[in-house]
>>> print(open('input_23.txt').read())   # compact mmCIF, C-alpha atoms and all ligand atoms
# COMPACT_ATOMS: atom_id res chain seq x y z
CA MET Z 1 103.18 74.73 82.52
CA ILE Z 2 105.33 77.54 83.89
CA ILE Z 3 106.14 80.50 81.69
CA SER Z 4 108.28 83.60 82.20
CA GLU Z 5 106.99 87.06 81.48
CA GLY Z 6 108.80 90.26 82.42
CA LYS Z 7 110.52 89.53 85.73
CA VAL Z 8 108.01 86.95 86.96
CA LYS Z 9 107.14 83.30 86.54
CA ILE Z 10 103.58 82.22 86.04
CA LYS Z 11 101.92 78.86 86.22
CA VAL Z 12 99.49 78.61 83.32
CA GLU Z 13 96.78 76.01 83.51
CA GLU Z 14 94.06 74.95 81.12
CA GLY Z 15 90.78 76.59 82.07
CA VAL Z 16 92.45 79.61 83.69
CA PHE Z 17 92.70 82.53 81.33
CA TYR Z 18 96.14 83.56 80.09
CA ASN Z 19 96.64 85.21 76.73
CA PRO Z 20 100.25 85.34 75.52
CA ARG Z 21 99.20 87.84 72.84
CA MET Z 22 98.55 90.41 75.57
CA ARG Z 23 102.14 90.28 76.75
CA PHE Z 24 103.04 93.48 74.89
CA CYS Z 25 100.10 95.19 76.58
CA ARG Z 26 101.20 93.98 80.02
CA ASP Z 27 104.80 95.09 79.33
CA LEU Z 28 103.53 98.58 78.54
CA ASP Z 29 101.22 98.53 81.57
CA VAL Z 30 104.19 97.75 83.82
CA LEU Z 31 106.07 100.65 82.23
CA VAL Z 32 103.12 103.00 82.86
CA TRP Z 33 102.62 101.86 86.44
CA SER Z 34 106.31 102.11 87.31
CA CYS Z 35 106.11 105.81 86.35
CA LEU Z 36 103.20 106.62 88.69
CA ASP Z 37 103.94 108.74 91.76
CA ASP Z 38 102.13 106.70 94.37
CA ARG Z 39 102.01 102.91 94.17
CA ARG Z 40 100.44 102.05 97.48
CA GLU Z 41 97.69 99.61 96.48
CA PHE Z 42 96.65 97.71 93.36
CA LEU Z 43 93.54 95.63 92.80
CA ASP Z 44 93.79 93.05 90.02
CA ALA Z 45 90.00 92.75 89.92
CA LEU Z 46 89.71 90.16 87.13
CA ALA Z 47 93.03 88.49 87.76
CA GLY Z 48 92.99 85.16 85.85
CA THR Z 49 96.46 83.77 86.69
CA GLY Z 50 97.24 86.98 88.62
CA ILE Z 51 99.87 88.01 86.10
CA ARG Z 52 99.08 91.73 86.10
CA GLY Z 53 99.00 92.05 89.88
CA ILE Z 54 102.13 89.95 90.30
CA ARG Z 55 104.00 92.07 87.79
CA ALA Z 56 102.67 95.22 89.50
CA LYS Z 57 104.15 93.98 92.80
CA VAL Z 58 107.45 92.56 91.52
CA GLU Z 59 108.24 95.02 88.74
CA CYS Z 60 106.58 98.24 89.92
CA GLY Z 61 106.91 97.85 93.69
CA TYR Z 62 103.27 98.32 94.71
CA GLU Z 63 103.07 98.01 98.50
CA ASN Z 64 99.86 96.02 98.62
CA VAL Z 65 98.41 93.97 95.80
CA ILE Z 66 94.96 92.42 95.98
CA PHE Z 67 93.84 89.69 93.60
CA ASN Z 68 90.35 88.66 92.74
CA ASP Z 69 88.68 86.21 90.40
CA ARG Z 70 85.26 84.65 90.62
CA ASP Z 71 86.63 81.37 89.26
CA GLU Z 72 87.89 78.99 92.00
CA ARG Z 73 90.57 77.41 89.85
CA ALA Z 74 91.91 80.83 88.96
CA VAL Z 75 92.19 81.65 92.66
CA GLU Z 76 94.14 78.42 93.34
CA VAL Z 77 96.50 79.26 90.49
CA ILE Z 78 96.94 82.84 91.80
CA ARG Z 79 97.95 81.44 95.23
CA GLU Z 80 100.50 79.14 93.59
CA ASN Z 81 101.80 81.99 91.47
CA LEU Z 82 102.31 84.19 94.53
CA LYS Z 83 104.42 81.42 96.14
CA LEU Z 84 106.30 80.84 92.90
CA ASN Z 85 107.37 84.49 92.92
CA GLY Z 86 108.00 84.67 96.67
CA ILE Z 87 105.47 87.42 97.29
CA GLU Z 88 102.35 87.91 99.34
CA GLY Z 89 98.99 89.39 98.50
CA GLU Z 90 95.36 89.23 99.50
CA VAL Z 91 93.39 86.84 97.30
CA TYR Z 92 89.60 86.91 96.92
CA ASN Z 93 87.17 84.61 95.19
CA LYS Z 94 84.30 87.05 94.70
CA ASP Z 95 82.27 88.71 92.08
CA ALA Z 96 84.43 91.74 91.31
CA ASN Z 97 81.40 94.01 91.61
CA VAL Z 98 80.77 92.85 95.17
CA LEU Z 99 84.40 93.37 96.17
CA MET Z 100 84.51 96.86 94.64
CA ARG Z 101 81.31 97.81 96.49
CA GLU Z 102 82.66 96.53 99.80
CA ARG Z 103 85.90 98.41 99.70
CA ARG Z 104 87.61 101.31 97.99
CA PHE Z 105 90.90 100.75 96.19
CA TRP Z 106 93.69 103.14 95.25
CA HIS Z 107 94.41 101.65 91.84
CA ILE Z 108 92.02 99.28 90.05
CA ASP Z 109 92.82 97.21 86.99
CA LEU Z 110 89.87 95.96 84.94
CA ASP Z 111 90.84 93.40 82.35
CA PRO Z 112 87.59 91.69 81.35
CA PHE Z 113 86.65 89.27 78.61
CA GLY Z 114 85.28 91.71 76.04
CA SER Z 115 83.37 94.56 77.60
CA PRO Z 116 84.21 96.46 80.80
CA SER Z 117 80.61 97.68 81.03
CA GLU Z 118 79.57 95.13 83.65
CA PHE Z 119 82.25 96.45 86.05
CA MET Z 120 82.45 100.16 85.36
CA ASP Z 121 79.83 101.30 87.83
CA SER Z 122 81.33 99.56 90.87
CA ALA Z 123 84.90 100.37 89.77
CA SER Z 124 83.91 104.05 89.46
CA TYR Z 125 82.41 103.92 92.94
CA SER Z 126 85.45 102.20 94.43
CA VAL Z 127 88.46 103.79 92.75
CA LYS Z 128 90.47 106.37 94.65
CA ARG Z 129 93.25 107.41 92.27
CA TYR Z 130 94.08 105.25 89.25
CA LEU Z 131 92.02 103.15 86.88
CA SER Z 132 93.36 100.91 84.13
CA VAL Z 133 90.75 99.51 81.74
CA THR Z 134 90.90 97.10 78.81
CA ALA Z 135 88.13 96.73 76.24
CA THR Z 136 88.30 94.03 73.59
CA ASP Z 137 84.84 94.78 72.22
CA THR Z 138 86.36 97.54 70.11
CA SER Z 139 83.64 97.18 67.48
CA ALA Z 140 81.04 98.52 69.94
CA PHE Z 141 83.06 101.72 70.42
CA CYS Z 142 84.48 102.34 66.97
CA GLY Z 143 81.24 102.20 64.99
CA SER Z 144 81.39 98.75 63.45
CA ALA Z 145 78.76 97.42 65.90
CA THR Z 146 76.58 100.50 66.24
CA GLU Z 147 73.68 98.90 68.07
CA SER Z 148 75.94 97.25 70.63
CA GLY Z 149 77.72 100.56 71.35
CA LEU Z 150 74.41 102.24 71.93
CA ARG Z 151 73.12 99.50 74.18
CA LYS Z 152 76.22 98.95 76.32
CA TYR Z 153 77.71 102.44 76.45
CA PHE Z 154 75.07 104.76 75.06
CA VAL Z 155 77.59 105.83 72.44
CA TYR Z 156 76.41 106.22 68.87
CA ALA Z 157 79.03 105.68 66.18
CA GLU Z 158 79.14 104.45 62.63
CA MET Z 159 82.15 103.19 60.72
CA THR Z 160 84.46 106.03 59.67
CA ASP Z 161 87.93 106.14 58.16
CA VAL Z 162 89.45 106.95 61.59
CA TYR Z 163 87.55 104.40 63.65
CA HIS Z 164 90.25 103.79 66.29
CA GLU Z 165 90.39 107.49 67.12
CA ILE Z 166 86.64 107.45 67.72
CA GLY Z 167 86.68 104.09 69.50
CA LEU Z 168 89.36 105.03 72.00
CA ARG Z 169 87.68 108.36 72.69
CA ALA Z 170 84.29 106.66 73.03
CA LEU Z 171 85.72 104.32 75.67
CA ILE Z 172 87.28 107.20 77.62
CA GLY Z 173 84.07 109.22 77.32
CA TYR Z 174 82.18 106.29 78.76
CA VAL Z 175 84.62 105.99 81.68
CA ALA Z 176 84.31 109.75 82.30
CA LYS Z 177 80.50 109.51 82.44
CA GLU Z 178 80.61 106.57 84.87
CA LEU Z 179 83.08 108.33 87.18
CA ALA Z 180 81.11 111.58 87.05
CA LYS Z 181 78.16 109.86 88.77
CA TYR Z 182 80.36 109.62 91.86
CA GLU Z 183 81.69 113.18 91.56
CA LYS Z 184 84.97 111.99 90.14
CA GLY Z 185 86.87 113.40 87.21
CA LEU Z 186 89.59 111.89 85.10
CA GLU Z 187 92.80 112.83 83.35
CA VAL Z 188 94.13 110.42 80.78
CA LEU Z 189 97.65 109.25 81.60
CA VAL Z 190 98.13 107.26 78.43
CA CYS Z 191 96.00 105.08 76.17
CA TRP Z 192 96.38 103.05 73.03
CA ALA Z 193 94.53 101.08 70.38
CA LYS Z 194 96.27 97.94 69.23
CA GLU Z 195 95.23 94.73 67.48
CA HIS Z 196 91.88 93.71 68.96
CA TYR Z 197 91.84 95.88 72.08
CA TYR Z 198 91.88 99.35 73.63
CA ARG Z 199 93.75 100.07 76.83
CA VAL Z 200 93.27 103.21 78.91
CA HIS Z 201 95.08 104.38 82.07
CA VAL Z 202 93.54 107.34 83.88
CA ARG Z 203 94.16 109.38 87.01
CA VAL Z 204 90.99 109.90 89.03
CA ARG Z 205 90.19 112.88 91.25
CA LYS Z 206 87.26 113.01 93.61
CA SER Z 207 85.71 116.47 93.54
CA LEU Z 208 82.66 118.10 92.03
CA ARG Z 209 84.97 120.46 90.16
CA ALA Z 210 87.02 117.63 88.65
CA SER Z 211 83.91 115.76 87.55
CA LYS Z 212 82.48 118.93 85.95
CA ASP Z 213 85.73 119.56 84.09
CA SER Z 214 85.80 115.99 82.92
CA VAL Z 215 82.29 115.96 81.45
CA LYS Z 216 83.01 119.30 79.77
CA SER Z 217 85.53 117.39 77.70
CA LEU Z 218 82.76 115.28 76.20
CA GLY Z 219 81.50 116.07 72.74
CA TYR Z 220 80.71 114.73 69.31
CA MET Z 221 82.43 113.99 66.07
CA LEU Z 222 80.73 115.46 62.99
CA TYR Z 223 81.40 113.39 59.91
CA CYS Z 224 80.43 114.08 56.33
CA PRO Z 225 80.35 110.83 54.34
CA ASN Z 226 79.90 112.87 51.17
CA CYS Z 227 83.17 114.86 51.17
CA LEU Z 228 84.95 113.16 54.13
CA ASN Z 229 85.04 116.42 56.07
CA ARG Z 230 84.98 116.16 59.85
CA ASP Z 231 84.76 118.40 62.87
CA PHE Z 232 84.26 118.17 66.62
CA VAL Z 233 81.83 119.98 68.92
CA ASN Z 234 81.50 119.93 72.66
CA VAL Z 235 78.20 118.98 74.26
CA GLY Z 236 75.69 121.81 73.96
CA GLU Z 237 77.34 123.45 70.94
CA CYS Z 238 75.50 124.18 67.71
CA VAL Z 239 76.01 122.04 64.66
CA GLU Z 240 76.07 123.61 61.20
CA LYS Z 241 75.94 121.92 57.84
CA CYS Z 242 79.12 120.75 56.18
CA GLU Z 243 80.73 123.21 53.75
CA CYS Z 244 79.72 120.88 50.89
CA GLY Z 245 76.06 121.40 51.77
CA SER Z 246 75.46 117.88 53.18
CA LYS Z 247 74.31 117.26 56.71
CA PHE Z 248 76.91 115.98 59.15
CA ARG Z 249 76.46 112.60 60.82
CA ILE Z 250 76.89 112.97 64.60
CA TYR Z 251 78.84 110.39 66.61
CA GLY Z 252 79.35 110.26 70.35
CA PRO Z 253 79.48 111.30 73.04
CA ILE Z 254 83.23 110.85 72.95
CA TRP Z 255 86.13 112.26 74.96
CA LEU Z 256 87.56 115.34 73.22
CA GLY Z 257 90.17 116.09 75.88
CA SER Z 258 93.82 115.14 76.05
CA LEU Z 259 94.83 111.52 75.47
CA LYS Z 260 98.06 111.66 77.43
CA ASP Z 261 100.02 113.14 80.27
CA ARG Z 262 103.14 114.29 78.42
CA GLY Z 263 105.31 114.18 81.53
CA LEU Z 264 104.35 110.59 82.22
CA VAL Z 265 104.97 109.50 78.64
CA GLU Z 266 108.35 111.26 78.80
CA ARG Z 267 109.22 109.26 81.92
CA MET Z 268 108.14 106.09 80.11
CA LEU Z 269 110.49 106.94 77.25
CA GLU Z 270 113.36 107.60 79.65
CA LYS Z 271 112.92 104.09 81.04
CA SER Z 272 112.41 102.35 77.74
CA ASN Z 273 113.20 103.32 74.22
CA ASN Z 274 110.02 101.64 72.99
CA LYS Z 275 109.00 102.52 69.41
CA PHE Z 276 105.31 102.30 70.18
CA VAL Z 277 105.64 104.66 73.18
CA LYS Z 278 107.60 107.05 70.96
CA ALA Z 279 104.76 106.99 68.42
CA ILE Z 280 102.29 107.81 71.22
CA TYR Z 281 104.57 110.63 72.41
CA GLU Z 282 104.94 112.16 68.97
CA GLU Z 283 101.25 111.98 68.08
CA LEU Z 284 99.48 115.36 68.17
CA ASP Z 285 97.16 115.50 71.15
CA ILE Z 286 94.03 116.51 69.22
CA PRO Z 287 91.07 114.52 67.84
CA MET Z 288 91.36 115.75 64.24
CA ALA Z 289 92.59 112.83 62.16
CA TYR Z 290 92.41 112.03 58.45
CA ASN Z 291 92.87 108.76 56.61
CA LEU Z 292 95.13 109.38 53.62
CA HIS Z 293 94.05 106.22 51.81
CA ALA Z 294 90.38 107.11 52.05
CA LEU Z 295 91.09 110.67 50.87
CA SER Z 296 93.25 109.44 47.97
CA ARG Z 297 90.49 107.12 46.80
CA LYS Z 298 88.06 110.02 46.93
CA LEU Z 299 90.44 112.28 44.99
CA LYS Z 300 91.37 109.46 42.59
CA ILE Z 301 95.08 109.93 43.19
CA ASN Z 302 97.80 107.51 44.29
CA PRO Z 303 98.12 107.20 48.08
CA PRO Z 304 100.92 109.56 49.17
CA LYS Z 305 103.80 108.82 51.50
CA VAL Z 306 102.55 109.62 54.98
CA SER Z 307 105.87 111.16 56.00
CA SER Z 308 105.83 113.59 53.06
CA VAL Z 309 102.27 114.66 53.91
CA VAL Z 310 103.27 115.30 57.53
CA GLU Z 311 106.30 117.30 56.33
CA GLY Z 312 104.22 119.16 53.74
CA LEU Z 313 101.63 120.18 56.32
CA LYS Z 314 104.36 121.44 58.63
CA GLU Z 315 105.90 123.45 55.79
CA MET Z 316 102.47 125.04 55.26
CA GLY Z 317 102.58 126.14 58.91
CA PHE Z 318 100.23 123.52 60.34
CA LYS Z 319 100.83 121.08 63.12
CA ALA Z 320 100.93 117.50 61.90
CA SER Z 321 101.94 114.03 63.02
CA ARG Z 322 101.44 110.36 62.41
CA VAL Z 323 99.27 108.33 64.81
CA HIS Z 324 100.19 105.26 66.87
CA TYR Z 325 97.24 103.13 65.71
CA SER Z 326 97.51 103.30 61.92
CA GLY Z 327 100.12 103.76 59.23
CA VAL Z 328 97.77 105.66 56.90
CA VAL Z 329 96.25 108.24 59.27
CA VAL Z 330 97.61 111.72 60.06
CA LYS Z 331 96.60 114.22 62.70
CA THR Z 332 96.68 117.89 61.88
CA ASP Z 333 95.05 121.22 62.68
CA ALA Z 334 94.74 121.87 58.93
CA LYS Z 335 91.28 122.00 57.38
CA LEU Z 336 90.27 119.34 54.88
CA LYS Z 337 90.59 121.76 51.95
CA ASP Z 338 94.21 122.58 52.89
CA LEU Z 339 95.04 118.91 53.16
CA ILE Z 340 93.37 118.21 49.81
CA SER Z 341 95.32 120.96 48.07
CA LEU Z 342 98.55 119.52 49.50
CA LEU Z 343 97.62 116.00 48.37
CA ASN Z 344 96.78 117.23 44.87
CA SER Z 345 99.97 119.24 44.54
CA GLN Z 346 102.14 116.37 45.82
CA ASN Z 347 100.35 114.05 43.39
CA ARG Z 348 101.09 116.37 40.46
CA LEU Z 349 104.76 116.59 41.45
CA GLY Z 350 105.16 112.92 42.35
C1 LIG A 401 90.41 88.33 80.47
S1 LIG A 401 90.53 87.38 81.94
C2 LIG A 401 91.78 88.19 82.88
C3 LIG A 401 93.15 88.02 82.33
C4 LIG A 401 94.30 88.52 83.17
N1 LIG A 401 94.06 89.85 83.73
C5 LIG A 401 95.58 88.51 82.34
O1 LIG A 401 96.19 89.58 82.11
O2 LIG A 401 95.98 87.43 81.90
C6 LIG A 401 89.08 87.78 82.83
C7 LIG A 401 88.94 87.08 84.17
O3 LIG A 401 87.80 87.62 84.85
C8 LIG A 401 87.15 86.61 85.57
N2 LIG A 401 85.78 87.06 85.80
C9 LIG A 401 84.78 87.16 84.89
N3 LIG A 401 83.69 87.71 85.46
C10 LIG A 401 84.01 87.99 86.75
C11 LIG A 401 83.32 88.60 87.84
N4 LIG A 401 82.05 89.03 87.69
N5 LIG A 401 83.97 88.75 88.99
C12 LIG A 401 85.25 88.32 89.15
N6 LIG A 401 85.94 87.72 88.16
C13 LIG A 401 85.34 87.57 86.97
C14 LIG A 401 87.31 85.37 84.72
O4 LIG A 401 87.24 84.20 85.52
C15 LIG A 401 88.70 85.58 84.09
O5 LIG A 401 89.70 84.92 84.83
ZN ZN A 402 80.79 117.53 53.27
>>> encode(input="input_23.txt", output="structure tokens")
Amino acid sequence: MIISEGKVKIKVEEGVFYNPRMRFCRDLDVLVWSCLDDRREFLDALAGTGIRGIRAKVECGYENVIFNDRDERAVEVIRENLKLNGIEGEVYNKDANVLMRERRFWHIDLDPFGSPSEFMDSASYSVKRYLSVTATDTSAFCGSATESGLRKYFVYAEMTDVYHEIGLRALIGYVAKELAKYEKGLEVLVCWAKEHYYRVHVRVRKSLRASKDSVKSLGYMLYCPNCLNRDFVNVGECVEKCECGSKFRIYGPIWLGSLKDRGLVERMLEKSNNKFVKAIYEELDIPMAYNLHALSRKLKINPPKVSSVVEGLKEMGFKASRVHYSGVVVKTDAKLKDLISLLNSQNRLG
């Protein structure tokens, strides 16, 4: 069967992986990649039908695209798909880890079944400038599969009311640690949590300085299950008790740095008036997030309108925004007690 996606045509065959539900993700990827400054080389390391690499070539104009899949049938389909789209590219039938140890690539895309952990070491060794990573084992990062997160990523998390914030930052923290082994640092270009997956695009720089800066952005989330207070500390900082007297739970290490390159996201918005990209753009670039439903349950009040809470916080002089990954979470630099007093006063009025 031949399907169309973006500006390309793809032969899809039973036994070769193609997930139509990831189309939105690939559309956004193409938008991200077309905004990058230097599109000289792209490795589709776990290519399946080759759809990502083919779209990178046709829609983003990468000079050289390299495809790889360890499955022979996938490689046959990739060759057919290159012909179908009238383009050329190198095609390999190797274990991706072997290929990434043999050669260094400018931009690497890792789109595995489930966890990227099997490929992160060799990708970190190989990558020169850009890395795009998918993880569909979100439960290992976000705290719903604590043991698995510890085992695969050495990240400790438990379920919180802002689990996607933690999950996405845990994935980026993990990527930062892997890159740091090879004296590489990262800056996040853009990332998102959606449905069953996380997607992260980062710019990589090879220097001791960059890798030091990057690991300095690692830290922990402090979470008080008693009063739902939360805070963040960088690695090496002291942890005090929560104001309510309970001990904080400590989750991480996670990435506490920026989650986007504003200029890049602006360029994305100029090219496409996508609502999801707009939500990413408007989201405050800080880790502090609160779940209004969880807080309302705790306070025994009706859940408020998220937009009026964001407005109320701004009127109180705080920064505040919605988030791209949930309709009931807000980000703000307000302390929990300020947010609670706003929620209570809006509840009395409403
Ligand atoms: C999730 S699919 C890729 C989907 C594709 N990127 C897309 O957007 O449709 C993962 C692919 O990785 C391949 N794969 C799994 N382990 C591999 C390995 N160690 N080396 C190379 N390819 C591998 C599988 O054969 C499969 O085609
Ligand atoms: Zn507390």
>>> closest_atom_pairs(input="input_23.txt", of="chain Z", to="ligand ZN 402 (chain A)", cutoff="7 Å", atoms="all atoms listed in the file", output="Markdown table")
| residue | atom | partner | partner_atom | distance |
| --- | --- | --- | --- | --- |
| Z:Cys224 | CA | A:ZN402 | ZN | 4.6 |
| Z:Pro225 | CA | A:ZN402 | ZN | 6.8 |
| Z:Asn226 | CA | A:ZN402 | ZN | 5.2 |
| Z:Cys227 | CA | A:ZN402 | ZN | 4.1 |
| Z:Leu228 | CA | A:ZN402 | ZN | 6.1 |
| Z:Asn229 | CA | A:ZN402 | ZN | 5.2 |
| Z:Cys242 | CA | A:ZN402 | ZN | 4.7 |
| Z:Glu243 | CA | A:ZN402 | ZN | 5.7 |
| Z:Cys244 | CA | A:ZN402 | ZN | 4.2 |
| Z:Gly245 | CA | A:ZN402 | ZN | 6.3 |
| Z:Ser246 | CA | A:ZN402 | ZN | 5.3 |
>>> write_last_selection(input="input_23.txt", atoms="C-alpha atoms", output="PDB file, in the frame of the given file")
ATOM      1  CA  CYS Z 224      80.430 114.080  56.330  1.00  0.00           C
ATOM      2  CA  PRO Z 225      80.350 110.830  54.340  1.00  0.00           C
ATOM      3  CA  ASN Z 226      79.900 112.870  51.170  1.00  0.00           C
ATOM      4  CA  CYS Z 227      83.170 114.860  51.170  1.00  0.00           C
ATOM      5  CA  LEU Z 228      84.950 113.160  54.130  1.00  0.00           C
ATOM      6  CA  ASN Z 229      85.040 116.420  56.070  1.00  0.00           C
ATOM      7  CA  CYS Z 242      79.120 120.750  56.180  1.00  0.00           C
ATOM      8  CA  GLU Z 243      80.730 123.210  53.750  1.00  0.00           C
ATOM      9  CA  CYS Z 244      79.720 120.880  50.890  1.00  0.00           C
ATOM     10  CA  GLY Z 245      76.060 121.400  51.770  1.00  0.00           C
ATOM     11  CA  SER Z 246      75.460 117.880  53.180  1.00  0.00           C
TER      12      SER Z 246
END
>>> closest_residue(input="input_23.txt", among="Z:Asp71, Z:Asp38, Z:Glu63, Z:Glu88", to="ligand LIG 401 (chain A)", atoms="only C-alpha atoms and all ligand atoms")
Z:Asp71
>>> residues_near_ligand(input="input_23.txt", ligand="ligand LIG 401 (chain A)", cutoff="6 Å", atoms="only C-alpha atoms and all ligand atoms", output="PyMOL selection string")
chain Z and resi 17-19+46-48+51-52+69-71+94-96+111-113
>>> residues_around(input="input_23.txt", residues="region 171-179 of chain Z", least_positions_apart="4", cutoff="6 Å", atoms="all atoms listed in the file", output="PyMOL selection string")
chain Z and resi 124+184+254-255
>>> closest_atom_pairs(input="input_23.txt", of="region 176-270 of chain Z", to="region 160-168 of chain Z", cutoff="10 Å", atoms="all atoms listed in the file", output="tab-separated table")
residue	atom	partner	partner_atom	distance
Z:Cys191	CA	Z:Leu168	CA	7.8
Z:Trp192	CA	Z:Leu168	CA	7.4
Z:Ala193	CA	Z:His164	CA	6.5
Z:Lys194	CA	Z:His164	CA	8.9
Z:Tyr197	CA	Z:Leu168	CA	9.5
Z:Tyr198	CA	Z:Leu168	CA	6.4
Z:Arg199	CA	Z:Leu168	CA	8.2
Z:Val200	CA	Z:Leu168	CA	8.1
Z:Tyr220	CA	Z:Ile166	CA	9.5
Z:Met221	CA	Z:Ile166	CA	8.0
Z:Tyr223	CA	Z:Thr160	CA	8.0
Z:Cys224	CA	Z:Thr160	CA	9.6
Z:Pro225	CA	Z:Thr160	CA	8.3
Z:Leu228	CA	Z:Asp161	CA	8.6
Z:Tyr251	CA	Z:Ile166	CA	8.4
Z:Gly252	CA	Z:Ile166	CA	8.2
Z:Pro253	CA	Z:Ile166	CA	9.7
Z:Ile254	CA	Z:Ile166	CA	7.1
Z:Trp255	CA	Z:Leu168	CA	8.5
Z:Leu256	CA	Z:Ile166	CA	9.7
Z:Leu259	CA	Z:Leu168	CA	9.2
>>> closest_residue(input="input_23.txt", among="Z:Leu269, Z:Asp333, Z:Leu222, Z:Arg101", to="Glu158 (chain Z)", atoms="only C-alpha atoms")
Z:Leu222
>>> closest_residue(input="input_23.txt", among="Z:Cys60, Z:Ile280, Z:Cys238, Z:Val98", to="Asp37 (chain Z)", atoms="all atoms listed in the file")
Z:Cys60
>>> atom_distance(input="input_23.txt", atom1="CA of Ala56 (chain Z)", atom2="CA of Gly6 (chain Z)")
10.6 Å
>>> closest_residue(input="input_23.txt", among="Z:Gly15, Z:Pro20, Z:Gly143, Z:Gly219", to="Pro287 (chain Z)", atoms="only C-alpha atoms")
Z:Gly219
>>> residues_around(input="input_23.txt", residues="Gly61 (chain Z)", least_positions_apart="6", cutoff="12 Å", atoms="all atoms listed in the file", output="PyMOL selection string")
chain Z and resi 30-31+33-42+53-55+87
>>> atom_distance(input="input_23.txt", atom1="CA of Val127 (chain Z)", atom2="CA of Asn64 (chain Z)")
15.0 Å
>>> residues_around(input="input_23.txt", residues="Lys278 (chain Z)", least_positions_apart="2", cutoff="10 Å", atoms="all atoms listed in the file", output="JSON, numbers by chain")
{"Z": [265, 266, 268, 269, 272, 273, 274, 275, 276, 280, 281, 282, 283, 324]}
